[in-house]
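Participant: Input: one structure, supplied below.
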Amino acid sequence: MAVVLTGDYPGCYGDVRLGRPVTYECRPYGERLSRPGGVAVQWTRAGASGVPAPPADGAGRHLTLSGVLHGPVTRSWSRRVIEALEGGHDAELAAVPGPLAGCLVTADKVFLFRNAVAPEGLLYRREGSRVRWSTDPLDLLDGTPDDLDEQALWRCCRGDDVFVYRHPQPVGPGELVVMDARGTTRRVFDRITPLELPRRTSMAEYADLAHHMLLDAVRPYAGRGRIGIMLSGGLDSSAVLTALVEVGADVVAYHMHTDDPLADESAYARTVCDHLGVPFVAVPTESGEGYLSRARPFPHPFVGFAYRWVEQLAERVHEDGITFLTWGADGDLCFGPYRYGLHDVLFGDIAPHEKAALCRGLITSRWELSRVLRSVRRSSSLLDEYLPVGANARPTEFTAPAPGVPDDRYDSDYSAKEHTMDLMLWWPRGILRCSPLGDRQIKRLTARMPHAYRLLVHQGRMIPKPVLRLLLSTRLPATVWRRYGRLWQDSPHKRYAIAHPHVFADLIGTPQSQLVARGIVDRSRLAAVLAEPASLRRHSETLICAAMTELFLRDHAALTREGGTYADTATG
């Protein structure tokens, strides 16, 4: 029997002073607050209720949550969470199913927590006895010039998905923050521990285990009515959709369709839906004048080139009455390669016959034999050449030089880009997302999986995510799971940049530009980039990221001029 999820919470907010009374409010997401301080707010979808208070609770304890929980969320459930927090019972708190983050306010303490699989961006700020927390950073700003980290803004123009604020602090995955009159303490209460498996578990066995764990991860969704999935046509979202169909979920697939033949994946997505008997909805995406959205206020710079596309998708999902959406996020992190070399093959927990086959694959690869042999050292990875560092860094010839800026390294703990999409596109429309491939057991499985099982080199080809391919090999047509190579996903964005240099000149190339005023964009260097079609093509991604950063900065400049806070406007 399917377990119905009854705890869907699109974020929370609070502004309290330790030791003073606190009022609890339950509000539909985005509704204006009735009072500015001394309040703990649970955001909900319209018509939904807040977190039920524990029975006979006269202690003034208030629990607010953010995430999609495996229900039911009852009064006794709330009491267990509160007792686990107050009593320091970390194991009980970590055992709560589903991605969970939130806050508990008591008479003299504030507890902020986020379990190891929660993607939510829960942030906080403390100034003496005043404690503020929110899932929206705009609630925590004072509209002062020192809100922002200048180096982080430069990195946003390069396309780095980084946190740009100086004062609000994110709660990390698996972290518990406790604030009282004595100070602030932080500790990790929840970790992803590798699954215990027999030695030399084969790649095929990993695929079988992953399939069963994915079924368990999506099974709670089967009883909640029609749900949506963002289907690209790639391995990750296809695996999630296959599992949803297998457990009997009522699901409709949404695909962001581009008319650029170099980037069109719709044939793969349609093949998956036709094979599984799932309704397929292609959402046309815009690459014209409206491509760079000017919606405000942006809570973070959206360092990506598909904001308008996701906005169009969110509009269609909302029109269809879908309130819950799944997708294939975490597939790259869990099953994809981030290092690979002879060391991973020879010293991995792999059966001898598989090691021999993997070594033969390395010999046939396009890597020089000397490089393959050097990769016998643990410190050497054959994939280093693909990292966006050094000579491979994304080009930023239109920005002022910034010596000492660190390389872009992916941070799986917090994604400002994904957080922005929730805050601006999904939650205001009453839509919550959940990533089944980010399930705890799947993460534990892949934490145990050898690095050599994340990439298969065969006849000179580098085939990523072989475990997911094996999982799908008996469930989807070969045209889907055997697909090799990538479409030119950047093509629509490069085409836009070449056709619209005037947009970038107007946004980031005038004396009124915030990026110019801050000395991040150099006007003469930008003019040189915009004058050459080849240069425009090469800088298309970073130009779009810089333009989105400029839109964010304009919002922040307006706040600074007004000398107020975002607390009213962000929730109103």
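The chains in the structure tokens are called A, B, ... from first to last as shown; in each chain the residues are counted from 1, and the ligands are counted from 1 in the order shown.
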Using only C-alpha atoms, which residues sit within 9 Å of A:Thr479 once same-chain residues fewer than 4 positions away are excluded, as a list of chain:residue names?

Facilitator: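 With the cut-off at 9 Å, the set is A:Tyr268, A:Thr271, A:Arg483.
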
Participant: Quick one: pick out all alpha helix (DSSP H) residues within stretch 212-404 of chain A from a backbone DSSP run and write them as a PyMOL selection string.

Facilitator: chain A and resi 212-218+235-246+266-276+307-319+331-335+342-346+352-363+369-374

Participant: Compare A:Tyr338, A:Phe305, A:Phe298, A:Tyr484 by their minimum atom-to-atom distance to A:His556, counting only C-alpha atoms, and give me the closest one.

Facilitator: A:Phe298

Participant: Tell me which protein, DNA and RNA residues are within 8 Å of A:Glu25, counting only C-alpha atoms, leaving out same-chain ones fewer than 3 positions away, and put them as a short mmCIF file (atom, residue, chain, number, x, y, z; two decimals) with N, CA, C and O atoms, in the first residue's frame.

Facilitator:
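What follows is the written file out12.cif:
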data_model
loop_
_atom_site.label_atom_id
_atom_site.label_comp_id
_atom_site.auth_asym_id
_atom_site.auth_seq_id
_atom_site.Cartn_x
_atom_site.Cartn_y
_atom_site.Cartn_z
N VAL A 39 7.88 36.70 15.36
CA VAL A 39 6.98 35.81 14.66
C VAL A 39 7.74 34.65 14.02
O VAL A 39 8.88 34.81 13.58
N ALA A 40 7.11 33.49 14.02
CA ALA A 40 7.58 32.32 13.28
C ALA A 40 6.50 31.97 12.27
O ALA A 40 5.35 31.74 12.65
N VAL A 41 6.86 31.92 10.98
CA VAL A 41 5.87 31.77 9.92
C VAL A 41 6.10 30.46 9.18
O VAL A 41 7.23 30.16 8.77
N GLN A 42 5.02 29.71 9.02
CA GLN A 42 5.05 28.52 8.17
C GLN A 42 4.36 28.86 6.86
O GLN A 42 3.18 29.17 6.82
#

Participant: Using only C-alpha atoms, determine which residues lie at most 12 Å from A:Tyr24, disregarding the query and same-chain residues fewer than 6 positions distant; provide the list as a list in words.

Facilitator: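 Counting only C-alpha atoms, the residues come to Cys12, Tyr13, Gly14, Asp15, Val16, Leu33, Ser34, Arg35, Gly37, Gly38, Val39, Ala40, Val41, Gln42, Trp43, Gly50, Val51, Pro52, Ala53, Gly60, Arg61, His62, Leu63, Thr64, Cys103, Leu104, Val105 and Thr106 of chain A.
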
Participant: Since we have the selection now, will you write its residues out, keeping C-alpha atoms, as an mmCIF file, in the first residue's frame?

Facilitator:
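And here's out.cif as it stands now:
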data_model
loop_
_atom_site.group_PDB
_atom_site.id
_atom_site.type_symbol
_atom_site.label_atom_id
_atom_site.label_comp_id
_atom_site.auth_asym_id
_atom_site.auth_seq_id
_atom_site.Cartn_x
_atom_site.Cartn_y
_atom_site.Cartn_z
ATOM 1 C CA CYS A 12 9.492 29.051 6.476
ATOM 2 C CA TYR A 13 10.482 32.393 7.993
ATOM 3 C CA GLY A 14 11.091 33.891 11.412
ATOM 4 C CA ASP A 15 12.276 37.020 13.220
ATOM 5 C CA VAL A 16 12.536 36.638 16.993
ATOM 6 C CA LEU A 33 2.997 39.282 7.003
ATOM 7 C CA SER A 34 0.696 40.745 9.623
ATOM 8 C CA ARG A 35 3.615 41.815 11.859
ATOM 9 C CA GLY A 37 8.933 40.765 14.324
ATOM 10 C CA GLY A 38 8.429 38.273 17.116
ATOM 11 C CA VAL A 39 6.977 35.808 14.657
ATOM 12 C CA ALA A 40 7.584 32.321 13.275
ATOM 13 C CA VAL A 41 5.865 31.768 9.924
ATOM 14 C CA GLN A 42 5.046 28.521 8.171
ATOM 15 C CA TRP A 43 4.526 29.035 4.454
ATOM 16 C CA GLY A 50 0.550 24.362 8.915
ATOM 17 C CA VAL A 51 2.545 21.957 11.038
ATOM 18 C CA PRO A 52 0.227 20.517 13.708
ATOM 19 C CA ALA A 53 1.253 21.478 17.238
ATOM 20 C CA GLY A 60 5.327 28.044 23.521
ATOM 21 C CA ARG A 61 7.234 25.815 21.142
ATOM 22 C CA HIS A 62 6.777 26.497 17.438
ATOM 23 C CA LEU A 63 7.908 24.143 14.662
ATOM 24 C CA THR A 64 8.181 25.353 11.059
ATOM 25 C CA CYS A 103 13.194 25.569 12.654
ATOM 26 C CA LEU A 104 12.065 25.018 16.232
ATOM 27 C CA VAL A 105 11.601 28.066 18.479
ATOM 28 C CA THR A 106 11.327 27.534 22.233
#

Participant: Would you write out, as a tab-separated table, a table of all residues in stretch 492-517 of chain A that have an atom no more than 12 Å from an atom of stretch 387-405 of chain A, listing for each the closest atom pair and the distance in Å to one decimal, considering only C-alpha atoms and ordering rows by chain and rising residue number?

Facilitator:
residue	atom	partner	partner_atom	distance
A:Phe504	CA	A:Phe398	CA	11.0
A:Ala505	CA	A:Phe398	CA	11.2
A:Ile508	CA	A:Phe398	CA	10.0
A:Gly509	CA	A:Phe398	CA	9.6
A:Leu515	CA	A:Thr399	CA	9.0
A:Val516	CA	A:Thr399	CA	9.0
A:Ala517	CA	A:Ala400	CA	11.7

Participant: Using only C-alpha atoms, which of the listed residues (A:Glu196, A:Asp208, A:Glu265, A:Asp146) sits closest to A:Thr474?

Facilitator: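 Nearest to A:Thr474: A:Asp208.
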
Participant: Leaving out A:Leu470 and any residue of its chain fewer than 5 positions from it, which residues lie within 9 Å of it when counting only C-alpha atoms, given as a CSV table (one decimal) with all heavy atoms, in the first residue's frame?

Facilitator:
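The result, stored in out.csv:
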chain,number,residue,atom,x,y,z
A,203,MET,N,28.9,-4.5,-11.4
A,203,MET,CA,28.2,-3.3,-11.9
A,203,MET,C,26.7,-3.7,-12.2
A,203,MET,O,25.9,-2.9,-11.9
A,203,MET,CB,28.9,-2.9,-13.3
A,203,MET,CG,28.3,-1.6,-13.8
A,203,MET,SD,29.1,-1.2,-15.4
A,203,MET,CE,30.7,-0.8,-14.9
A,204,ALA,N,26.5,-4.9,-12.7
A,204,ALA,CA,25.1,-5.3,-12.9
A,204,ALA,C,24.3,-5.4,-11.6
A,204,ALA,O,23.1,-5.1,-11.5
A,204,ALA,CB,25.1,-6.7,-13.6
A,207,ALA,N,23.3,-2.0,-10.5
A,207,ALA,CA,22.2,-1.5,-11.3
A,207,ALA,C,20.9,-2.1,-10.8
A,207,ALA,O,19.9,-1.4,-10.7
A,207,ALA,CB,22.4,-1.9,-12.8
A,208,ASP,N,20.9,-3.4,-10.4
A,208,ASP,CA,19.7,-4.0,-9.8
A,208,ASP,C,19.3,-3.4,-8.5
A,208,ASP,O,18.2,-3.1,-8.2
A,208,ASP,CB,20.0,-5.5,-9.7
A,208,ASP,CG,18.7,-6.3,-9.3
A,208,ASP,OD1,17.7,-6.2,-10.0
A,208,ASP,OD2,18.7,-7.0,-8.2
A,465,LYS,N,27.8,7.0,-16.8
A,465,LYS,CA,26.6,6.4,-16.1
A,465,LYS,C,26.3,5.0,-16.6
A,465,LYS,O,25.1,4.7,-16.9
A,465,LYS,CB,25.4,7.3,-16.2
A,465,LYS,CG,25.6,8.8,-15.7
A,465,LYS,CD,24.4,9.6,-15.9
A,465,LYS,CE,24.7,11.1,-15.6
A,465,LYS,NZ,23.5,11.9,-15.9
A,481,TRP,N,18.7,4.2,-24.0
A,481,TRP,CA,19.8,3.9,-23.1
A,481,TRP,C,21.1,3.8,-23.7
A,481,TRP,O,22.2,3.8,-23.0
A,481,TRP,CB,19.4,2.7,-22.2
A,481,TRP,CG,19.3,1.4,-22.9
A,481,TRP,CD1,18.2,0.8,-23.5
A,481,TRP,CD2,20.4,0.5,-23.2
A,481,TRP,NE1,18.5,-0.4,-24.0
A,481,TRP,CE2,19.8,-0.6,-23.9
A,481,TRP,CE3,21.7,0.5,-22.9
A,481,TRP,CZ2,20.6,-1.7,-24.3
A,481,TRP,CZ3,22.5,-0.6,-23.3
A,481,TRP,CH2,21.9,-1.7,-24.0

Participant: Looking only at the backbone, which of the residues in stretch 239-347 of chain A does DSSP tag as strand (DSSP E), as a PyMOL selection string?

Facilitator: chain A and resi 251-257+280-284+324-326

Participant: Mind dumping the selected residues with N, CA and C atoms as a PDB file, in the first residue's frame?

Facilitator:
ATOM      1  N   VAL A 251       1.202   9.997 -13.938  1.00  0.00           N
ATOM      2  CA  VAL A 251       2.241  10.986 -14.210  1.00  0.00           C
ATOM      3  C   VAL A 251       2.119  11.515 -15.631  1.00  0.00           C
ATOM      4  N   VAL A 252       2.447  12.787 -15.800  1.00  0.00           N
ATOM      5  CA  VAL A 252       2.504  13.411 -17.111  1.00  0.00           C
ATOM      6  C   VAL A 252       3.894  14.018 -17.261  1.00  0.00           C
ATOM      7  N   ALA A 253       4.479  13.881 -18.451  1.00  0.00           N
ATOM      8  CA  ALA A 253       5.848  14.333 -18.694  1.00  0.00           C
ATOM      9  C   ALA A 253       5.849  15.684 -19.394  1.00  0.00           C
ATOM     10  N   TYR A 254       6.688  16.599 -18.893  1.00  0.00           N
ATOM     11  CA  TYR A 254       6.854  17.925 -19.489  1.00  0.00           C
ATOM     12  C   TYR A 254       8.271  18.050 -20.031  1.00  0.00           C
ATOM     13  N   HIS A 255       8.341  18.496 -21.271  1.00  0.00           N
ATOM     14  CA  HIS A 255       9.644  18.590 -21.947  1.00  0.00           C
ATOM     15  C   HIS A 255       9.831  19.997 -22.494  1.00  0.00           C
ATOM     16  N   MET A 256      10.964  20.632 -22.156  1.00  0.00           N
ATOM     17  CA  MET A 256      11.270  21.947 -22.698  1.00  0.00           C
ATOM     18  C   MET A 256      11.799  21.767 -24.121  1.00  0.00           C
ATOM     19  N   HIS A 257      10.991  22.175 -25.082  1.00  0.00           N
ATOM     20  CA  HIS A 257      11.304  21.913 -26.491  1.00  0.00           C
ATOM     21  C   HIS A 257      11.902  23.150 -27.153  1.00  0.00           C
ATOM     22  N   PHE A 280       2.670  13.109 -23.004  1.00  0.00           N
ATOM     23  CA  PHE A 280       3.857  13.908 -23.285  1.00  0.00           C
ATOM     24  C   PHE A 280       3.424  15.327 -23.638  1.00  0.00           C
ATOM     25  N   VAL A 281       3.990  16.303 -22.942  1.00  0.00           N
ATOM     26  CA  VAL A 281       3.684  17.707 -23.187  1.00  0.00           C
ATOM     27  C   VAL A 281       4.976  18.424 -23.544  1.00  0.00           C
ATOM     28  N   ALA A 282       5.067  18.900 -24.777  1.00  0.00           N
ATOM     29  CA  ALA A 282       6.228  19.677 -25.212  1.00  0.00           C
ATOM     30  C   ALA A 282       5.931  21.158 -24.997  1.00  0.00           C
ATOM     31  N   VAL A 283       6.760  21.827 -24.212  1.00  0.00           N
ATOM     32  CA  VAL A 283       6.577  23.244 -23.916  1.00  0.00           C
ATOM     33  C   VAL A 283       7.558  24.040 -24.765  1.00  0.00           C
ATOM     34  N   PRO A 284       7.070  24.813 -25.735  1.00  0.00           N
ATOM     35  CA  PRO A 284       7.985  25.607 -26.573  1.00  0.00           C
ATOM     36  C   PRO A 284       8.776  26.602 -25.724  1.00  0.00           C
ATOM     37  N   PHE A 324       2.799  18.964  -7.848  1.00  0.00           N
ATOM     38  CA  PHE A 324       3.981  18.215  -7.403  1.00  0.00           C
ATOM     39  C   PHE A 324       4.740  17.748  -8.635  1.00  0.00           C
ATOM     40  N   LEU A 325       6.057  17.977  -8.629  1.00  0.00           N
ATOM     41  CA  LEU A 325       6.875  17.734  -9.804  1.00  0.00           C
ATOM     42  C   LEU A 325       8.131  16.966  -9.403  1.00  0.00           C
ATOM     43  N   THR A 326       8.449  15.939 -10.169  1.00  0.00           N
ATOM     44  CA  THR A 326       9.707  15.226  -9.963  1.00  0.00           C
ATOM     45  C   THR A 326      10.628  15.517 -11.144  1.00  0.00           C
TER      46      THR A 326
END

Participant: Excluding stretch 150-152 of chain A and any residue of its chain fewer than 4 positions from it, enumerate the residues within 8 Å of it, using only C-alpha atoms, and give them as a ChimeraX atom specification.

Facilitator: /A:156,162-164,405

Participant: Taking only C-alpha atoms into account, which of A:Trp77, A:Tyr340, A:Phe189, A:Trp133 comes nearest A:Asn115?

Facilitator: A:Phe189
